[in-house]
file coords12.cif (mmCIF, C-alpha atoms and all ligand atoms)
data_input
loop_
_atom_site.group_PDB
_atom_site.id
_atom_site.type_symbol
_atom_site.label_atom_id
_atom_site.label_comp_id
_atom_site.auth_asym_id
_atom_site.auth_seq_id
_atom_site.Cartn_x
_atom_site.Cartn_y
_atom_site.Cartn_z
ATOM 1 C CA MET J 1 0.000 0.000 0.000
ATOM 2 C CA THR J 2 1.450 3.366 -0.950
ATOM 3 C CA LYS J 3 1.305 6.362 1.291
ATOM 4 C CA LYS J 4 -1.328 8.031 -0.900
ATOM 5 C CA ASP J 5 -3.823 5.243 -0.357
ATOM 6 C CA VAL J 6 -4.080 5.819 3.369
ATOM 7 C CA LYS J 7 -7.426 7.377 4.111
ATOM 8 C CA LYS J 8 -7.349 10.468 6.282
ATOM 9 C CA ILE J 9 -9.486 10.130 9.382
ATOM 10 C CA GLU J 10 -10.556 12.479 12.145
ATOM 11 C CA CYS J 11 -9.945 12.103 15.875
ATOM 12 C CA GLU J 12 -13.384 10.699 16.551
ATOM 13 C CA GLU J 13 -12.931 7.884 14.086
ATOM 14 C CA ALA J 14 -9.395 7.164 15.254
ATOM 15 C CA ILE J 15 -10.583 6.908 18.853
ATOM 16 C CA ARG J 16 -13.462 4.666 17.907
ATOM 17 C CA MET J 17 -10.982 2.236 16.351
ATOM 18 C CA LEU J 18 -8.242 2.711 18.918
ATOM 19 C CA LEU J 19 -8.724 -0.408 21.046
ATOM 20 C CA GLU J 20 -9.070 -2.651 18.028
ATOM 21 C CA TYR J 21 -5.956 -1.015 16.650
ATOM 22 C CA LEU J 22 -4.100 -1.916 19.850
ATOM 23 C CA ASP J 23 -5.471 -5.453 19.644
ATOM 24 C CA ASN J 24 -4.160 -5.667 16.100
ATOM 25 C CA GLU J 25 -7.633 -6.525 14.906
ATOM 26 C CA LEU J 26 -8.211 -3.866 12.232
ATOM 27 C CA ASP J 27 -7.920 -4.652 8.556
ATOM 28 C CA GLU J 28 -4.817 -3.268 6.917
ATOM 29 C CA HIS J 29 -6.617 -0.273 5.490
ATOM 30 C CA ASN J 30 -8.026 0.931 8.820
ATOM 31 C CA HIS J 31 -4.874 0.011 10.671
ATOM 32 C CA ASP J 32 -2.857 2.297 8.416
ATOM 33 C CA SER J 33 -5.396 5.088 8.744
ATOM 34 C CA VAL J 34 -5.245 4.970 12.536
ATOM 35 C CA GLU J 35 -1.477 4.727 12.525
ATOM 36 C CA ASP J 36 -1.197 7.742 10.228
ATOM 37 C CA HIS J 37 -3.538 9.720 12.406
ATOM 38 C CA LEU J 38 -1.602 8.830 15.553
ATOM 39 C CA HIS J 39 1.621 10.077 14.002
ATOM 40 C CA ALA J 40 -0.028 13.357 13.135
ATOM 41 C CA CYS J 41 -2.158 13.959 16.233
ATOM 42 C CA ARG J 42 -0.602 14.393 19.621
ATOM 43 C CA ALA J 43 -3.867 14.197 21.545
ATOM 44 C CA CYS J 44 -4.813 10.824 20.091
ATOM 45 C CA TYR J 45 -1.273 9.565 20.470
ATOM 46 C CA THR J 46 -1.383 10.392 24.186
ATOM 47 C CA ARG J 47 -4.663 8.567 24.488
ATOM 48 C CA MET J 48 -3.286 5.552 22.641
ATOM 49 C CA GLU J 49 -0.351 5.425 25.042
ATOM 50 C CA PHE J 50 -2.704 5.502 28.011
ATOM 51 C CA GLU J 51 -4.937 2.737 26.669
ATOM 52 C CA SER J 52 -1.927 0.633 25.843
ATOM 53 C CA ARG J 53 -0.434 1.040 29.328
ATOM 54 C CA LEU J 54 -3.764 0.337 30.972
ATOM 55 C CA LYS J 55 -4.098 -2.837 28.953
ATOM 56 C CA ASN J 56 -0.669 -3.936 30.147
ATOM 57 C CA VAL J 57 -1.440 -3.090 33.766
ATOM 58 C CA VAL J 58 -4.647 -5.142 33.655
ATOM 59 C CA LYS J 59 -2.847 -8.056 32.100
ATOM 60 C CA GLU J 60 0.022 -7.936 34.536
ATOM 61 C CA LYS J 61 -2.020 -7.469 37.711
ATOM 62 C CA ALA J 62 -4.601 -10.081 36.816
ATOM 63 C CA GLN J 63 -1.962 -12.839 36.695
ATOM 64 C CA GLU J 64 -1.739 -15.447 39.419
ATOM 65 C CA LYS J 65 0.574 -18.193 40.522
ATOM 66 C CA ALA J 66 -0.999 -21.620 40.764
ATOM 67 C CA PRO J 67 -1.033 -22.682 44.438
ATOM 68 C CA ILE J 68 1.279 -25.542 45.319
ATOM 69 C CA ASP J 69 -1.687 -27.691 46.384
ATOM 70 C CA LEU J 70 -3.119 -27.366 42.910
ATOM 71 C CA ARG J 71 0.198 -28.268 41.292
ATOM 72 C CA ASN J 72 0.334 -31.416 43.406
ATOM 73 C CA ARG J 73 -3.264 -32.251 42.646
ATOM 74 C CA ILE J 74 -2.650 -31.911 38.908
ATOM 75 C CA LYS J 75 0.427 -34.099 39.224
ATOM 76 C CA LYS J 76 -1.638 -36.773 40.978
ATOM 77 C CA ILE J 77 -4.387 -36.573 38.386
ATOM 78 C CA SER J 78 -2.022 -36.883 35.481
ATOM 79 C CA GLU J 79 -0.244 -39.874 36.956
ATOM 80 C CA GLN J 80 -3.521 -41.720 36.382
ATOM 81 C CA PHE J 81 -3.773 -40.857 32.696
ATOM 82 C CA MET F 1 -18.031 -28.694 40.093
ATOM 83 C CA MET F 2 -18.130 -31.974 38.378
ATOM 84 C CA HIS F 3 -15.677 -34.749 39.018
ATOM 85 C CA LEU F 4 -14.821 -37.325 36.451
ATOM 86 C CA THR F 5 -14.404 -40.924 37.418
ATOM 87 C CA MET F 6 -11.364 -43.061 36.829
ATOM 88 C CA GLU F 7 -13.318 -45.241 34.390
ATOM 89 C CA GLN F 8 -14.047 -42.225 32.257
ATOM 90 C CA MET F 9 -10.396 -41.331 32.232
ATOM 91 C CA ASN F 10 -9.140 -44.810 31.517
ATOM 92 C CA ASP F 11 -11.719 -45.257 28.831
ATOM 93 C CA ASN F 12 -9.750 -42.985 26.696
ATOM 94 C CA SER F 13 -6.134 -43.943 26.776
ATOM 95 C CA ALA F 14 -5.769 -43.424 23.051
ATOM 96 C CA VAL F 15 -2.555 -41.706 22.148
ATOM 97 C CA SER F 16 -3.128 -38.395 20.452
ATOM 98 C CA PRO F 17 -1.574 -37.832 17.060
ATOM 99 C CA THR F 18 -0.414 -34.434 18.313
ATOM 100 C CA LEU F 19 0.586 -35.045 21.891
ATOM 101 C CA ASN F 20 1.591 -38.018 24.030
ATOM 102 C CA ARG F 21 0.994 -38.199 27.756
ATOM 103 C CA GLU F 22 4.365 -36.895 28.776
ATOM 104 C CA HIS F 23 4.171 -33.883 26.477
ATOM 105 C CA PHE F 24 0.615 -33.211 27.515
ATOM 106 C CA VAL F 25 1.652 -33.074 31.178
ATOM 107 C CA LYS F 26 4.548 -30.762 30.325
ATOM 108 C CA GLN F 27 2.240 -28.446 28.418
ATOM 109 C CA ILE F 28 -0.234 -28.380 31.277
ATOM 110 C CA GLU F 29 2.504 -27.574 33.761
ATOM 111 C CA ALA F 30 3.735 -24.767 31.560
ATOM 112 C CA HIS F 31 0.243 -23.270 31.321
ATOM 113 C CA LEU F 32 -0.845 -23.893 34.894
ATOM 114 C CA ASP F 33 -0.320 -20.381 36.298
ATOM 115 C CA GLN F 34 -2.228 -18.858 33.420
ATOM 116 C CA LEU F 35 -4.939 -21.446 33.599
ATOM 117 C CA TYR F 36 -5.397 -20.920 37.315
ATOM 118 C CA GLY F 37 -5.337 -17.134 36.868
ATOM 119 C CA SER F 38 -8.168 -17.246 34.363
ATOM 120 C CA ALA F 39 -10.044 -19.807 36.444
ATOM 121 C CA LEU F 40 -9.809 -17.547 39.469
ATOM 122 C CA ARG F 41 -11.126 -14.565 37.513
ATOM 123 C CA LEU F 42 -13.942 -16.689 36.130
ATOM 124 C CA THR F 43 -15.057 -18.308 39.374
ATOM 125 C CA ARG F 44 -14.035 -15.463 41.692
ATOM 126 C CA ASN F 45 -12.961 -17.847 44.400
ATOM 127 C CA SER F 46 -9.878 -19.957 44.823
ATOM 128 C CA SER F 47 -11.395 -23.297 45.753
ATOM 129 C CA ASP F 48 -13.782 -23.290 42.772
ATOM 130 C CA ALA F 49 -10.885 -22.150 40.615
ATOM 131 C CA GLU F 50 -8.782 -25.141 41.674
ATOM 132 C CA ASP F 51 -11.657 -27.525 40.984
ATOM 133 C CA LEU F 52 -12.207 -25.915 37.617
ATOM 134 C CA VAL F 53 -8.564 -26.327 36.643
ATOM 135 C CA ALA F 54 -8.485 -29.946 37.819
ATOM 136 C CA ASP F 55 -11.645 -30.794 35.862
ATOM 137 C CA THR F 56 -10.301 -28.969 32.824
ATOM 138 C CA VAL F 57 -7.074 -30.975 32.829
ATOM 139 C CA THR F 58 -8.989 -34.250 33.083
ATOM 140 C CA LYS F 59 -11.412 -33.268 30.339
ATOM 141 C CA ALA F 60 -8.585 -32.073 28.155
ATOM 142 C CA TRP F 61 -6.829 -35.419 28.428
ATOM 143 C CA ILE F 62 -10.040 -37.272 27.635
ATOM 144 C CA CYS F 63 -10.568 -35.284 24.460
ATOM 145 C CA ILE F 64 -6.920 -34.915 23.549
ATOM 146 C CA ASP F 65 -7.703 -36.205 20.064
ATOM 147 C CA SER F 66 -9.633 -33.052 19.348
ATOM 148 C CA LEU F 67 -6.406 -31.064 19.569
ATOM 149 C CA GLN F 68 -5.429 -30.706 15.929
ATOM 150 C CA ASP F 69 -2.554 -28.344 16.174
ATOM 151 C CA LEU F 70 -0.080 -27.996 19.018
ATOM 152 C CA ASP F 71 0.225 -24.248 18.406
ATOM 153 C CA ARG F 72 -3.422 -23.976 19.361
ATOM 154 C CA PHE F 73 -2.949 -25.701 22.707
ATOM 155 C CA LYS F 74 -3.818 -22.658 24.790
ATOM 156 C CA PRO F 75 -7.062 -21.656 23.012
ATOM 157 C CA TRP F 76 -8.030 -25.327 22.919
ATOM 158 C CA LEU F 77 -7.507 -25.642 26.669
ATOM 159 C CA LEU F 78 -9.285 -22.375 27.383
ATOM 160 C CA ARG F 79 -12.217 -23.493 25.281
ATOM 161 C CA ILE F 80 -12.556 -26.611 27.412
ATOM 162 C CA MET F 81 -12.262 -24.632 30.615
ATOM 163 C CA THR F 82 -14.621 -21.832 29.625
ATOM 164 C CA ASN F 83 -17.295 -24.196 28.321
ATOM 165 C CA HIS F 84 -17.034 -26.319 31.429
ATOM 166 C CA PHE F 85 -17.320 -23.260 33.630
ATOM 167 C CA ILE F 86 -20.347 -21.915 31.767
ATOM 168 C CA SER F 87 -22.203 -25.218 31.690
ATOM 169 C CA GLU F 88 -21.506 -25.947 35.367
ATOM 170 C CA ARG F 89 -22.772 -22.511 36.290
ATOM 171 C CA ARG F 90 -25.953 -23.038 34.316
ATOM 172 C CA LYS F 91 -26.472 -26.412 35.945
ATOM 173 C CA ALA F 92 -25.618 -25.296 39.453
ATOM 174 C CA SER F 93 -28.051 -22.441 39.723
ATOM 175 C CA ASN F 94 -30.453 -20.439 37.691
ATOM 176 C CA ARG F 95 -29.924 -17.808 40.290
ATOM 177 C CA ALA F 96 -26.415 -17.176 39.026
ATOM 178 C CA ILE F 97 -27.676 -16.431 35.561
ATOM 179 C CA HIS F 98 -30.290 -13.993 36.780
ATOM 180 C CA GLU F 99 -27.702 -12.439 38.986
ATOM 181 C CA SER F 100 -25.137 -11.606 36.430
ATOM 182 C CA TYR F 101 -26.600 -11.965 32.985
ATOM 183 C CA VAL F 102 -27.135 -8.639 31.298
ATOM 184 C CA GLU F 103 -29.137 -8.410 28.125
ATOM 185 C CA GLU F 104 -27.175 -7.487 25.041
ATOM 186 C CA SER F 105 -29.563 -4.651 24.424
ATOM 187 C CA GLU F 106 -29.695 -3.376 27.978
ATOM 188 C CA SER F 107 -28.489 0.150 27.960
ATOM 189 C CA ASP F 108 -27.018 1.640 31.020
ATOM 190 C CA ASP F 109 -24.511 1.646 28.303
ATOM 191 C CA GLU F 110 -22.885 5.025 27.903
ATOM 192 C CA PRO F 111 -19.363 4.197 26.804
ATOM 193 C CA PHE F 112 -17.045 5.187 29.596
ATOM 194 C CA SER F 113 -13.494 6.406 29.101
ATOM 195 C CA LEU F 114 -11.015 6.639 31.951
ATOM 196 C CA PHE F 115 -8.778 8.732 29.765
ATOM 197 C CA GLU F 116 -11.473 11.346 29.289
ATOM 198 C CA ARG F 117 -12.068 11.513 33.036
ATOM 199 C CA LEU F 118 -8.408 11.865 33.816
ATOM 200 C CA HIS F 119 -7.286 14.066 30.983
ATOM 201 C CA GLN F 120 -8.781 17.302 32.308
ATOM 202 C CA PRO F 121 -7.080 20.603 31.509
ATOM 203 C CA PHE F 122 -7.116 21.727 35.143
ATOM 204 C CA LEU F 123 -5.391 18.517 36.218
ATOM 205 C CA LEU F 124 -2.846 18.631 33.418
ATOM 206 C CA TRP F 125 -1.728 21.956 34.754
ATOM 207 C CA TRP F 126 0.306 20.458 37.506
ATOM 208 C CA SER F 127 0.860 16.795 36.824
ATOM 209 C CA ASN F 128 0.349 13.776 34.635
ATOM 210 C CA PRO F 129 -2.895 12.390 36.061
ATOM 211 C CA GLU F 130 -3.083 9.456 33.637
ATOM 212 C CA GLN F 131 0.308 8.149 34.581
ATOM 213 C CA GLU F 132 -0.367 8.747 38.254
ATOM 214 C CA PHE F 133 -3.616 6.852 38.051
ATOM 215 C CA LEU F 134 -1.908 3.890 36.425
ATOM 216 C CA ASN F 135 0.935 3.949 38.940
ATOM 217 C CA GLN F 136 -1.485 3.784 41.826
ATOM 218 C CA LEU F 137 -3.511 0.869 40.537
ATOM 219 C CA LEU F 138 -3.148 -2.126 42.809
ATOM 220 C CA LYS F 139 -3.693 -5.763 42.025
ATOM 221 C CA GLU F 140 -6.710 -5.599 44.269
ATOM 222 C CA ASP F 141 -8.217 -2.752 42.210
ATOM 223 C CA ILE F 142 -7.980 -4.781 39.022
ATOM 224 C CA GLU F 143 -9.418 -7.861 40.738
ATOM 225 C CA THR F 144 -12.358 -5.959 42.180
ATOM 226 C CA ALA F 145 -13.115 -4.287 38.863
ATOM 227 C CA LEU F 146 -12.962 -7.582 36.951
ATOM 228 C CA ASN F 147 -15.110 -9.326 39.551
ATOM 229 C CA ASP F 148 -17.735 -6.614 39.173
ATOM 230 C CA LEU F 149 -18.234 -7.311 35.474
ATOM 231 C CA ALA F 150 -21.293 -9.276 34.407
ATOM 232 C CA GLU F 151 -20.307 -12.770 33.425
ATOM 233 C CA GLN F 152 -20.589 -12.567 29.654
ATOM 234 C CA PHE F 153 -18.394 -9.466 29.589
ATOM 235 C CA ARG F 154 -15.959 -10.816 32.147
ATOM 236 C CA VAL F 155 -15.342 -13.949 30.118
ATOM 237 C CA VAL F 156 -14.510 -11.985 26.983
ATOM 238 C CA VAL F 157 -12.259 -9.512 28.799
ATOM 239 C CA ILE F 158 -10.381 -12.380 30.475
ATOM 240 C CA LEU F 159 -9.810 -14.177 27.187
ATOM 241 C CA ALA F 160 -8.715 -11.021 25.373
ATOM 242 C CA ASP F 161 -6.830 -9.058 27.992
ATOM 243 C CA MET F 162 -5.416 -11.759 30.254
ATOM 244 C CA GLU F 163 -4.889 -14.556 27.771
ATOM 245 C CA GLY F 164 -4.269 -12.432 24.705
ATOM 246 C CA LEU F 165 -6.528 -14.450 22.419
ATOM 247 C CA SER F 166 -7.532 -12.949 19.074
ATOM 248 C CA TYR F 167 -11.172 -12.075 18.399
ATOM 249 C CA GLN F 168 -11.383 -15.057 16.076
ATOM 250 C CA GLU F 169 -10.039 -17.376 18.775
ATOM 251 C CA ILE F 170 -12.472 -15.991 21.343
ATOM 252 C CA SER F 171 -15.312 -16.472 18.915
ATOM 253 C CA GLU F 172 -14.296 -20.123 18.563
ATOM 254 C CA VAL F 173 -13.882 -20.609 22.309
ATOM 255 C CA LEU F 174 -17.318 -19.199 23.067
ATOM 256 C CA ASP F 175 -19.147 -20.190 19.890
ATOM 257 C CA LEU F 176 -20.125 -16.617 19.249
ATOM 258 C CA PRO F 177 -19.943 -14.517 16.099
ATOM 259 C CA VAL F 178 -16.863 -12.280 15.939
ATOM 260 C CA GLY F 179 -19.163 -9.244 15.902
ATOM 261 C CA THR F 180 -20.593 -10.248 19.272
ATOM 262 C CA VAL F 181 -17.080 -10.704 20.630
ATOM 263 C CA ARG F 182 -16.190 -7.189 19.458
ATOM 264 C CA SER F 183 -19.219 -5.596 21.055
ATOM 265 C CA ARG F 184 -18.919 -7.523 24.337
ATOM 266 C CA LEU F 185 -15.248 -6.719 24.580
ATOM 267 C CA SER F 186 -15.884 -3.080 23.944
ATOM 268 C CA ARG F 187 -18.671 -2.938 26.524
ATOM 269 C CA GLY F 188 -16.676 -5.042 28.963
ATOM 270 C CA ARG F 189 -13.645 -2.787 28.784
ATOM 271 C CA SER F 190 -15.782 0.277 29.133
ATOM 272 C CA ALA F 191 -17.402 -1.225 32.245
ATOM 273 C CA LEU F 192 -13.974 -2.192 33.571
ATOM 274 C CA GLN F 193 -12.723 1.370 33.180
ATOM 275 C CA LYS F 194 -15.826 2.675 34.884
ATOM 276 C CA ALA F 195 -15.349 0.277 37.790
ATOM 277 C CA LEU F 196 -11.704 1.299 38.155
ATOM 278 C CA TRP F 197 -12.715 4.940 38.148
ATOM 279 C CA GLN F 198 -15.475 4.483 40.703
ATOM 280 C CA HIS F 199 -13.244 2.382 42.902
ATOM 281 C CA ALA F 200 -10.604 5.109 42.822
ATOM 282 C CA GLN F 201 -13.175 7.666 44.005
ATOM 283 C CA GLU F 202 -13.889 5.685 47.158
ATOM 284 C CA PRO F 203 -11.885 6.596 50.252
ATOM 285 C CA LYS F 204 -8.815 4.394 50.492
ATOM 286 C CA ASN F 205 -8.697 2.171 53.524
ATOM 287 C CA SER F 206 -6.341 -0.395 52.119
ATOM 288 C CA PRO F 207 -3.570 -1.336 54.547
ATOM 289 C CA SER F 208 -1.067 -1.318 51.701
ATOM 290 C CA GLY F 209 -1.922 2.312 50.977
ATOM 291 C CA GLU F 210 1.210 3.195 52.979
HETATM 292 ZN ZN ZN A 301 -6.643 12.888 16.835
#
call {"tool": "encode", "arguments": {"input": "coords12.cif", "output": "structure tokens", "more": "lines below"}}
Ligand SMILES: [Zn+2]
result
Amino acid sequence: MTKKDVKKIECEEAIRMLLEYLDNELDEHNHDSVEDHLHACRACYTRMEFESRLKNVVKEKAQEKAPIDLRNRIKKISEQF
Amino acid sequence: MMHLTMEQMNDNSAVSPTLNREHFVKQIEAHLDQLYGSALRLTRNSSDAEDLVADTVTKAWICIDSLQDLDRFKPWLLRIMTNHFISERRKASNRAIHESYVEESESDDEPFSLFERLHQPFLLWWSNPEQEFLNQLLKEDIETALNDLAEQFRVVVILADMEGLSYQEISEVLDLPVGTVRSRLSRGRSALQKALWQHAQEPKNSPSGE
């Protein structure tokens, strides 16, 4: 895709697609449009950074370690397979 | 939670074309923290979460032949766990469904944006409120906010944001159209942000709050 083909979008549209952009779930055309907009628009770029950090914080803080009792239980179960 | 009998397990000692017993156990061990983490977010209590993981591992071994592709081990496992969780919940109590099921169309549904709340000109004057907000988020805040989500949103947020599954994978795990996954994820995240915001407005009485 050449630079010229990238459709110009406004803030509202960029923000509407922002989370799917971060999830890498937009088609190439929309992905490029959002990316272009983010490079040109400081406000949306700031927002993108926030959403991206928040996503990481949620992911990181929601993690758990399996309790040792569970590990042992799984070991016992799988010995019987 | 359901418990499978030994006969059921032994019934199916067929060796998978993709995975033998030893490799299966290794894979399970490697995914156990993640599996337990998602189970805990789904069930919202540790003893149910442990039962759910144990049942999932047993079920997974029984239907190991349905694993076509080793690269898809995680979504395959999560599909088994999520389906088991949902069907057990339905069986266990109708109450649970009434409690937490929100109609797709139900609209207390103003999209909520944390960023918009935080990014106020008068706050920007003297600090970086967004970064400060993120820095102050505790594990407990995230847990509480996730636990507050209605079940069908919670499931999608867990699969997307904890497990990092693609929309397509989530749609396969839950047997839902991708469009439904998109809209539930969007509503779920919006509700999560709202819960984090509301929780932050409450007076802090956490002992870890220095
Ligand atoms: Zn913009």
call {"tool": "closest_atom_pairs", "arguments": {"input": "coords12.cif", "of": "chain J", "to": "chain F", "cutoff": "8 Å", "atoms": "all atoms listed in the file", "output": "Markdown table"}}
result
| residue | atom | partner | partner_atom | distance |
| --- | --- | --- | --- | --- |
| J:Asp23 | CA | F:Ser166 | CA | 7.8 |
| J:Glu25 | CA | F:Tyr167 | CA | 7.5 |
| J:Arg47 | CA | F:Phe115 | CA | 6.7 |
| J:Phe50 | CA | F:Glu130 | CA | 6.9 |
| J:Glu51 | CA | F:Phe115 | CA | 7.8 |
| J:Arg53 | CA | F:Leu134 | CA | 7.8 |
| J:Leu54 | CA | F:Leu134 | CA | 6.8 |
| J:Lys55 | CA | F:Asp161 | CA | 6.9 |
| J:Val57 | CA | F:Leu134 | CA | 7.5 |
| J:Val58 | CA | F:Ile142 | CA | 6.3 |
| J:Lys59 | CA | F:Met162 | CA | 4.9 |
| J:Glu60 | CA | F:Met162 | CA | 7.9 |
| J:Lys61 | CA | F:Lys139 | CA | 4.9 |
| J:Ala62 | CA | F:Glu143 | CA | 6.6 |
| J:Gln63 | CA | F:Gly37 | CA | 5.5 |
| J:Glu64 | CA | F:Gly37 | CA | 4.7 |
| J:Lys65 | CA | F:Asp33 | CA | 4.8 |
| J:Ala66 | CA | F:Asp33 | CA | 4.7 |
| J:Leu70 | CA | F:Glu50 | CA | 6.2 |
| J:Arg71 | CA | F:Leu32 | CA | 7.8 |
| J:Arg73 | CA | F:Ala54 | CA | 7.5 |
| J:Ile74 | CA | F:Ala54 | CA | 6.3 |
| J:Ile77 | CA | F:Thr58 | CA | 7.4 |
| J:Ser78 | CA | F:Val25 | CA | 6.8 |
| J:Gln80 | CA | F:Met6 | CA | 8.0 |
| J:Phe81 | CA | F:Met9 | CA | 6.7 |
call {"tool": "closest_atom_pairs", "arguments": {"input": "coords12.cif", "of": "chain J", "to": "ligand ZN 301 (chain A)", "cutoff": "6 Å", "atoms": "all atoms listed in the file", "output": "Markdown table"}}
result
| residue | atom | partner | partner_atom | distance |
| --- | --- | --- | --- | --- |
| J:Cys11 | CA | A:ZN301 | ZN | 3.5 |
| J:Cys41 | CA | A:ZN301 | ZN | 4.7 |
| J:Ala43 | CA | A:ZN301 | ZN | 5.6 |
| J:Cys44 | CA | A:ZN301 | ZN | 4.3 |
call {"tool": "atom_distance", "arguments": {"input": "coords12.cif", "atom1": "atom CA of F:Phe112", "atom2": "atom CA of J:Ser33"}}
result
23.9 Å
call {"tool": "closest_residue", "arguments": {"input": "coords12.cif", "among": "J:Asp5, J:Ala14, J:Glu20, J:Arg42", "to": "F:Val181", "atoms": "all atoms listed in the file"}}
result
J:Glu20
call {"tool": "closest_residue", "arguments": {"input": "coords12.cif", "among": "J:Lys8, J:Ala40, J:Glu35, J:Pro67", "to": "J:Leu22", "atoms": "all atoms listed in the file"}}
result
J:Glu35
call {"tool": "closest_residue", "arguments": {"input": "coords12.cif", "among": "J:Leu26, J:His31, J:Glu10, J:Leu19", "to": "J:Ser52", "atoms": "all atoms listed in the file"}}
result
J:Leu19
call {"tool": "closest_residue", "arguments": {"input": "coords12.cif", "among": "F:Leu19, F:Gln68, F:Lys91, F:Lys194", "to": "F:Arg117", "atoms": "all atoms listed in the file"}}
result
F:Lys194
call {"tool": "closest_residue", "arguments": {"input": "coords12.cif", "among": "F:Ser87, F:Thr82, F:Ser127, F:Ser66", "to": "F:Arg154", "atoms": "only C-alpha atoms"}}
result
F:Thr82
call {"tool": "atom_distance", "arguments": {"input": "coords12.cif", "atom1": "atom CA of F:Gly188", "atom2": "atom CA of F:Val157"}}
result
6.3 Å
call {"tool": "atom_distance", "arguments": {"input": "coords12.cif", "atom1": "atom CA of F:Ser183", "atom2": "atom CA of F:Ile80"}}
result
22.9 Å
call {"tool": "resolve_selection", "arguments": {"input": "coords12.cif", "expression": "the PyMOL selection byres (((chain J and resi 32) around 12) and not hetatm)", "output": "list in words"}}
result
Met1, Thr2, Lys3, Lys4, Asp5, Val6, Lys7, Lys8, Ile9, Ala14, Met17, Leu18, Tyr21, Asn24, Glu25, Leu26, Asp27, Glu28, His29, Asn30, His31, Ser33, Val34, Glu35, Asp36, His37, Leu38 and His39 of chain J
call {"tool": "closest_residue", "arguments": {"input": "coords12.cif", "among": "F:Thr56, F:Asn20, F:Ser190, F:Gln136", "to": "F:Leu70", "atoms": "all atoms listed in the file"}}
result
F:Asn20
